[in-house]
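Undergrad: Have a look at the structure that comes next, please.
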Amino acid sequence: MLVTPIRGLRPAPQRAEEVVAPPYDVLNTAEARVRADGRPNSFLHISKPEIDLPEGTDPYDPAVYSKGAENLQRLIEDGVLMREEKPCYYIYRLRWEEHVQTGLVFGSSVAAYDINRVRKHEFTRPVKEDDRVRQITALNAQTGPVLLTYRADDAVKAIIDEAAAGAPAYDLTADDGIGHTLWVLDDDAKIEQLNQIFDATDALYIADGHHRSASASRVAKENSNESAQYFLSVAFAHDEMKILDYNRVVRDLNGLSADELLANTAAAFDLEMSAEAVRPAKPTQFGMYVNGQWYRLDVHSERVPADDPVASLDVSLLHSNLIEPLLGISDPRRDDRIDFVGGMRGLGELEKRVDSGEMEVAFSLYPTTMEALMDVADANEVMPPKSTWFEPKLADGLVSHVLD
């Protein structure tokens with residue numbers, strides 16, 4: 001089966017607000033200490049357990065994983081977390097400002113992942129995979145869900161809408177303003193219907209969580225338990241997900257003056273000066289902020305490949321037509337002259353980074369579309385680094401997957 005219901009480990013009634021926490025990978029250790037201060041049941045004590053060890057502890061120290069397992073066991077023994085009696089699907093709704101998206105929590109097949117039926121679009125780093133393997137093994141559970149998408153399906157939507165019309169298990173707003181609502185779907189007929197719908201689906205697509213899924217695959221090869229053959233996932237229809245812009249700032253102009261940069265840019269782009277910050281209105285359009293001035297850039301149409309899902313991405317077009325040939329940055333993964341600014345911070349953050357003198361030029365981009373992401377994954381290709389910024393973020397701690 002491509003997906004399976006799971007016996008979720010989740011907060012007991014009335015305890016969810018004590019437990020729910022941001023994803024482990026959006027906070028550093030210092031930020032996690034602050035967020036967990038005075039909250040002994042915060043899931044950060046499990047996902048970032050170094051906060052309970054002396055400052056300066058290496059987050060990859062074996063003691064960190066042991067502490068996470070100890071903290072998880074404490075929450076179970078104290079009745080803060082409880083285990084579902086039977087395998088279920090869960091309906092999960094996220095609310096952020098005016099945006100709402102509603103999806104499903106389930107286990108995704110490792111075997112399907114291994115044959116690329118759960119499709120990828122990013123490379124992974126061994127050190128981050130190793131960290132997740134050690135964390136899953138120590139806890140004997142997967143606590144960080146993989147964010148997936150699937151092509152919108154009316155039958156799935158009908159089941160979700162019907163279940164979400166009932167009373168939720170939890171409905172809360174976290175301290176970052178994001179709303180999280182969870183329903184338990186334990187109706188056997190609906191579970192079987194979802195099993196069949198998804199098993200007939202060509203593929204699921206990883207939106208965020210490539211290291212978590214890769215580590216789950218490694219753990220499954222060493223753990224014969226049936227539950228270990230599936231990894232914790234939250235999946236939303238592709239037309240409900242929200243990708244924000246992922247913008248670029250560059251430290252210097254590679255020896256060019258601002259006027260020379262503008263003159264050279266005209267070889268590949270139509271330039272127009274703007275009296276206000278430029279938020280691109282369509283693909284192949286960019287904003288550039290240099291020397292206190294915004295410009296609107298439209299890449300020449302002949303520069304957009306028609307049949308290459310990676311080269312035609314906006315992040316690729318900006319890189320291949322400007323950032324590499326003019327600013328001399330060939331490998332944005334390793335070159336410290338370039339930095340990336342998520343759309344949550346707004347265009348004002350780009351101006352701030354340049355006006356402060358820290359950076360010389362900034363670029364605003366149109367958000368990558370879900371269709372483009374799926375096209376890249378279907379082609380078995382890899383997206384450039386920092387191509388997508390998903391909001392709102394999933395919570396850690398609402399549902400975990402025990403490997404027994």
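Here's how to read the names in the structure tokens: chain A, B, ... by the order shown, residue numbers from 1 in each chain, ligand numbers from 1 in the order shown.
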Got a sec: who's within 9 Å of Ile160 in chain A, counting only C-alpha atoms, leaving out chain neighbours fewer than 2 positions off, as JSON, numbers by chain?
TA: {"A": [91, 102, 103, 104, 155, 156, 157, 158, 162, 163, 164, 165, 185]}
Undergrad: For the residues in the current selection, export C-alpha atoms as a short mmCIF file (atom, residue, chain, number, x, y, z; two decimals), in the first residue's frame.
TA:
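Result went into part_7.cif, see below:
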data_model
loop_
_atom_site.label_atom_id
_atom_site.label_comp_id
_atom_site.auth_asym_id
_atom_site.auth_seq_id
_atom_site.Cartn_x
_atom_site.Cartn_y
_atom_site.Cartn_z
CA ILE A 91 -7.44 15.26 9.29
CA THR A 102 -6.62 20.78 5.15
CA GLY A 103 -4.88 17.45 4.63
CA LEU A 104 -4.24 13.99 6.00
CA ALA A 155 -13.01 11.91 -3.67
CA VAL A 156 -10.29 12.58 -1.08
CA LYS A 157 -11.58 16.12 -0.59
CA ALA A 158 -15.12 14.83 0.02
CA GLU A 162 -17.11 15.28 5.81
CA ALA A 163 -14.74 14.37 8.64
CA ALA A 164 -13.83 18.01 9.28
CA ALA A 165 -17.51 18.87 9.77
CA LEU A 185 -10.80 9.56 11.25
#
Undergrad: Quick one: everything within 8 Å of range 21-34 of chain A, counting only C-alpha atoms, minus sequence neighbours fewer than 4 positions away in the same chain. Send it as an mmCIF file with N, CA and C atoms, in the first residue's frame.
TA:
data_model
loop_
_atom_site.group_PDB
_atom_site.id
_atom_site.type_symbol
_atom_site.label_atom_id
_atom_site.label_comp_id
_atom_site.auth_asym_id
_atom_site.auth_seq_id
_atom_site.Cartn_x
_atom_site.Cartn_y
_atom_site.Cartn_z
ATOM 1 N N SER A 42 6.543 20.835 26.518
ATOM 2 C CA SER A 42 6.745 21.211 25.121
ATOM 3 C C SER A 42 7.470 20.103 24.375
ATOM 4 N N PHE A 43 7.058 19.855 23.148
ATOM 5 C CA PHE A 43 7.697 18.817 22.347
ATOM 6 C C PHE A 43 9.131 19.170 21.992
ATOM 7 N N LEU A 44 9.529 20.420 22.222
ATOM 8 C CA LEU A 44 10.925 20.791 22.000
ATOM 9 C C LEU A 44 11.872 20.004 22.901
ATOM 10 N N SER A 47 12.266 17.053 20.489
ATOM 11 C CA SER A 47 12.849 17.333 19.170
ATOM 12 C C SER A 47 14.158 18.102 19.258
ATOM 13 N N LYS A 48 14.367 18.852 20.354
ATOM 14 C CA LYS A 48 15.614 19.603 20.563
ATOM 15 C C LYS A 48 16.114 19.336 21.986
ATOM 16 N N GLU A 50 18.809 18.871 23.431
ATOM 17 C CA GLU A 50 20.021 19.510 23.930
ATOM 18 C C GLU A 50 19.688 20.696 24.827
ATOM 19 N N ILE A 51 18.450 21.211 24.754
ATOM 20 C CA ILE A 51 18.072 22.328 25.621
ATOM 21 C C ILE A 51 18.027 21.911 27.089
ATOM 22 N N GLY A 144 8.994 13.880 13.535
ATOM 23 C CA GLY A 144 8.957 14.997 12.589
ATOM 24 C C GLY A 144 8.292 14.547 11.308
ATOM 25 N N ALA A 174 -1.015 28.310 17.931
ATOM 26 C CA ALA A 174 0.309 28.274 18.544
ATOM 27 C C ALA A 174 0.828 29.689 18.765
ATOM 28 N N LYS A 393 3.948 26.328 8.571
ATOM 29 C CA LYS A 393 4.715 25.141 8.927
ATOM 30 C C LYS A 393 3.866 24.179 9.758
ATOM 31 N N LEU A 394 4.145 22.886 9.597
ATOM 32 C CA LEU A 394 3.517 21.875 10.429
ATOM 33 C C LEU A 394 4.010 22.000 11.868
ATOM 34 N N ALA A 395 3.201 21.537 12.788
ATOM 35 C CA ALA A 395 3.627 21.472 14.189
ATOM 36 C C ALA A 395 4.262 20.123 14.478
ATOM 37 N N ASP A 396 5.231 20.107 15.385
ATOM 38 C CA ASP A 396 5.725 18.857 15.959
ATOM 39 C C ASP A 396 4.909 18.546 17.208
ATOM 40 N N GLY A 397 4.625 17.270 17.415
ATOM 41 C CA GLY A 397 3.996 16.838 18.644
ATOM 42 C C GLY A 397 2.528 16.517 18.553
#
Undergrad: I need the residue nearest Ala112 in chain A from this list: A:Phe340, A:Trp294, A:Phe231, A:Tyr246. Use only C-alpha atoms for the distance.
TA: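 So, comparing all the options, the nearest one is A:Phe231.
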Undergrad: Among range 118-324 of chain A, which ones does DSSP assign to helix (DSSP H, G or I) (computed from the backbone)? Answer as a ChimeraX atom specification.
TA: /A:126-139,154-163,188-199,210-222,226-229,258-265,301-303,314-323
Undergrad: Grab the CA of Asp186 in chain A to CA of Met82 in chain A distance for me, in Å with one decimal place.
TA: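 Here the two named atoms are 15.8 Å from each other.
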Undergrad: Hey, could you make a per-residue contact list for range 208-242 of chain A against range 369-381 of chain A with 9 Å as the cut-off, showing the nearest pair of atoms and its distance in Å to one decimal, counting only C-alpha atoms, sorted by chain and number, as JSON lines?
TA:
{"residue": "A:His238", "atom": "CA", "partner": "A:Met370", "partner_atom": "CA", "distance": 6.2}
{"residue": "A:Asp239", "atom": "CA", "partner": "A:Met370", "partner_atom": "CA", "distance": 7.6}
{"residue": "A:Met241", "atom": "CA", "partner": "A:Met370", "partner_atom": "CA", "distance": 7.7}
{"residue": "A:Lys242", "atom": "CA", "partner": "A:Met370", "partner_atom": "CA", "distance": 8.4}
Undergrad: Nearest residue to His45 in chain A out of A:Val402, A:Val110, A:Val64, A:Leu94, using only C-alpha atoms?
TA: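 Among A:Val402, A:Val110, A:Val64, A:Leu94, it is A:Val64 that comes nearest to His45 in chain A.
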Undergrad: Please measure the separation of CA of Ile329 in chain A and CA of Thr265 in chain A, giving the value in Å to one decimal.
TA: 15.1 Å
Undergrad: Taking into account only C-alpha atoms, which residue in the set A:Pro126, A:Gly348, A:Pro325, A:Pro62 is nearest to Ala214 in chain A?
TA: A:Pro126
Undergrad: I'd like the neighbourhood of Ala169 in chain A as an mmCIF file with N, CA and C atoms, in the first residue's frame, where a residue qualifies if any of its atoms comes within 9 Å (using only C-alpha atoms), though same-chain residues fewer than 5 positions away should be ignored.
TA:
data_model
loop_
_atom_site.group_PDB
_atom_site.id
_atom_site.type_symbol
_atom_site.label_atom_id
_atom_site.label_comp_id
_atom_site.auth_asym_id
_atom_site.auth_seq_id
_atom_site.Cartn_x
_atom_site.Cartn_y
_atom_site.Cartn_z
ATOM 1 N N PRO A 13 -6.436 14.631 25.613
ATOM 2 C CA PRO A 13 -7.348 15.780 25.536
ATOM 3 C C PRO A 13 -6.956 16.866 26.535
ATOM 4 N N THR A 181 -5.684 22.413 13.717
ATOM 5 C CA THR A 181 -6.886 21.677 14.091
ATOM 6 C C THR A 181 -6.723 20.233 13.628
ATOM 7 N N LEU A 182 -7.082 19.295 14.499
ATOM 8 C CA LEU A 182 -6.893 17.874 14.185
ATOM 9 C C LEU A 182 -8.178 17.111 14.475
ATOM 10 N N TRP A 183 -8.586 16.288 13.510
ATOM 11 C CA TRP A 183 -9.695 15.364 13.686
ATOM 12 C C TRP A 183 -9.175 13.939 13.553
ATOM 13 N N VAL A 184 -9.786 13.011 14.270
ATOM 14 C CA VAL A 184 -9.440 11.594 14.172
ATOM 15 C C VAL A 184 -10.442 10.926 13.239
#
Undergrad: Would you mind reading off the distance between CA of Ala306 in chain A and CA of Trp389 in chain A, one decimal, in Å?
TA: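 That distance, rounded to one decimal, is 24.6 Å.
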Undergrad: As an MDAnalysis selection string, please: every residue in range 103-269 of chain A that a backbone DSSP assignment puts in strand (DSSP E).
TA: chainID A and resid 103:109 118:119 141:142 146:150 170:173 179:185 204:208 230:237 243:244 246:250 269
Undergrad: Filtering to N, CA and C atoms, could you give me those residues as a compact mmCIF listing (two decimals), in the first residue's frame?
TA:
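For reference, out_31.txt as written:
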# COMPACT_ATOMS: atom_id res chain seq x y z
N GLY A 103 -5.43 18.67 5.21
CA GLY A 103 -4.88 17.45 4.63
C GLY A 103 -5.01 16.26 5.54
N LEU A 104 -4.17 15.27 5.31
CA LEU A 104 -4.24 13.99 6.00
C LEU A 104 -2.91 13.64 6.62
N VAL A 105 -2.97 13.04 7.81
CA VAL A 105 -1.80 12.45 8.46
C VAL A 105 -1.89 10.95 8.28
N PHE A 106 -0.80 10.32 7.82
CA PHE A 106 -0.76 8.88 7.62
C PHE A 106 0.68 8.41 7.54
N GLY A 107 0.85 7.12 7.36
CA GLY A 107 2.17 6.57 7.09
C GLY A 107 2.35 6.37 5.60
N SER A 108 3.50 6.80 5.06
CA SER A 108 3.83 6.61 3.64
C SER A 108 4.79 5.44 3.49
N SER A 109 4.62 4.68 2.45
CA SER A 109 5.39 3.46 2.24
C SER A 109 6.86 3.75 1.94
N VAL A 118 7.14 7.75 -4.13
CA VAL A 118 7.11 8.97 -3.31
C VAL A 118 8.30 9.78 -3.80
N ARG A 119 8.02 10.84 -4.55
CA ARG A 119 9.04 11.45 -5.40
C ARG A 119 9.74 12.62 -4.70
N ALA A 141 10.60 5.98 17.32
CA ALA A 141 9.43 6.70 16.82
C ALA A 141 9.88 7.77 15.84
N GLN A 142 8.98 8.10 14.93
CA GLN A 142 9.18 9.23 14.03
C GLN A 142 8.33 10.38 14.54
N VAL A 146 6.95 14.28 7.49
CA VAL A 146 7.36 14.70 6.15
C VAL A 146 6.16 15.38 5.50
N LEU A 147 6.38 16.55 4.93
CA LEU A 147 5.31 17.28 4.24
C LEU A 147 5.23 16.79 2.80
N LEU A 148 4.07 16.26 2.43
CA LEU A 148 3.84 15.73 1.10
C LEU A 148 2.73 16.50 0.40
N THR A 149 2.69 16.35 -0.91
CA THR A 149 1.55 16.83 -1.68
C THR A 149 1.12 15.74 -2.65
N TYR A 150 -0.12 15.84 -3.08
CA TYR A 150 -0.67 14.92 -4.10
C TYR A 150 -1.56 15.74 -5.01
N TYR A 170 -8.48 18.48 18.62
CA TYR A 170 -7.80 19.68 19.10
C TYR A 170 -8.09 20.82 18.14
N ASP A 171 -8.14 22.02 18.68
CA ASP A 171 -8.23 23.22 17.87
C ASP A 171 -7.50 24.31 18.63
N LEU A 172 -6.30 24.68 18.19
CA LEU A 172 -5.47 25.60 18.95
C LEU A 172 -4.72 26.54 18.03
N THR A 173 -4.28 27.63 18.61
CA THR A 173 -3.42 28.58 17.91
C THR A 173 -2.10 28.63 18.64
N GLY A 179 -2.73 28.43 13.30
CA GLY A 179 -3.76 27.58 13.87
C GLY A 179 -3.61 26.14 13.44
N HIS A 180 -3.83 25.23 14.37
CA HIS A 180 -3.72 23.80 14.11
C HIS A 180 -4.99 23.12 14.61
N THR A 181 -5.68 22.41 13.72
CA THR A 181 -6.89 21.68 14.09
C THR A 181 -6.72 20.23 13.63
N LEU A 182 -7.08 19.29 14.50
CA LEU A 182 -6.89 17.87 14.19
C LEU A 182 -8.18 17.11 14.47
N TRP A 183 -8.59 16.29 13.51
CA TRP A 183 -9.69 15.36 13.69
C TRP A 183 -9.17 13.94 13.55
N VAL A 184 -9.79 13.01 14.27
CA VAL A 184 -9.44 11.59 14.17
C VAL A 184 -10.44 10.93 13.24
N LEU A 185 -9.94 10.28 12.19
CA LEU A 185 -10.80 9.56 11.25
C LEU A 185 -10.61 8.07 11.49
N LEU A 204 3.10 10.25 -4.77
CA LEU A 204 3.09 11.35 -3.81
C LEU A 204 4.38 12.14 -4.03
N TYR A 205 4.39 13.39 -3.59
CA TYR A 205 5.54 14.26 -3.82
C TYR A 205 6.01 14.86 -2.50
N ILE A 206 7.30 14.75 -2.23
CA ILE A 206 7.85 15.38 -1.04
C ILE A 206 7.94 16.88 -1.28
N ALA A 207 7.30 17.65 -0.41
CA ALA A 207 7.43 19.10 -0.45
C ALA A 207 8.56 19.54 0.47
N ASP A 208 8.57 19.00 1.69
CA ASP A 208 9.61 19.34 2.66
C ASP A 208 9.81 18.11 3.54
N TYR A 230 6.80 2.29 7.13
CA TYR A 230 6.05 3.48 6.74
C TYR A 230 6.60 4.68 7.52
N PHE A 231 6.61 5.84 6.91
CA PHE A 231 7.12 7.02 7.62
C PHE A 231 6.02 8.06 7.79
N LEU A 232 6.10 8.77 8.91
CA LEU A 232 5.10 9.75 9.30
C LEU A 232 5.01 10.86 8.26
N SER A 233 3.80 11.13 7.79
CA SER A 233 3.60 12.10 6.71
C SER A 233 2.35 12.93 6.96
N VAL A 234 2.37 14.15 6.47
CA VAL A 234 1.18 14.98 6.37
C VAL A 234 1.09 15.42 4.92
N ALA A 235 -0.05 15.11 4.28
CA ALA A 235 -0.19 15.36 2.85
C ALA A 235 -1.36 16.30 2.58
N PHE A 236 -1.13 17.26 1.70
CA PHE A 236 -2.16 18.21 1.28
C PHE A 236 -2.30 18.17 -0.23
N ALA A 237 -3.51 18.41 -0.71
CA ALA A 237 -3.72 18.54 -2.16
C ALA A 237 -2.86 19.69 -2.70
N ILE A 243 3.29 28.25 -1.38
CA ILE A 243 4.73 28.44 -1.46
C ILE A 243 4.99 29.94 -1.51
N LEU A 244 5.86 30.41 -0.65
CA LEU A 244 6.26 31.82 -0.67
C LEU A 244 7.53 31.98 -1.50
N TYR A 246 11.33 32.84 -2.35
CA TYR A 246 12.60 32.59 -1.66
C TYR A 246 13.64 33.47 -2.37
N ASN A 247 13.97 34.58 -1.74
CA ASN A 247 14.72 35.64 -2.40
C ASN A 247 16.22 35.54 -2.15
N ARG A 248 17.00 36.32 -2.89
CA ARG A 248 18.46 36.24 -2.84
C ARG A 248 19.07 37.60 -2.52
N VAL A 249 20.14 37.59 -1.76
CA VAL A 249 20.97 38.78 -1.54
C VAL A 249 22.42 38.39 -1.78
N VAL A 250 23.20 39.30 -2.38
CA VAL A 250 24.58 39.00 -2.75
C VAL A 250 25.49 40.08 -2.14
N PHE A 269 17.65 40.70 -19.88
CA PHE A 269 16.41 41.14 -19.25
C PHE A 269 15.99 42.50 -19.79
Undergrad: For Gln196 in chain A, which residue out of A:Leu2, A:His211, A:Asp114, A:Glu226 is the nearest one, using only C-alpha atoms?
TA: A:Leu2
Undergrad: Counting only C-alpha atoms, figure out which residue out of A:Asp61, A:Glu97, A:Glu122, A:Asp175 gets nearest to Val20 in chain A.
TA: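 Closest residue, counting only C-alpha atoms: A:Asp175.
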Undergrad: Find the residue from A:Thr388, A:Asn140, A:Met273, A:Met288 that sits nearest to Met344 in chain A; use only C-alpha atoms when measuring.
TA: A:Thr388
Undergrad: Within 6 Å of Phe286 in chain A, counting only C-alpha atoms, which residues show up once you throw out same-chain ones fewer than 4 positions away? Write them as a PyMOL selection string, please.
TA: chain A and resi 280+296-297+364-365
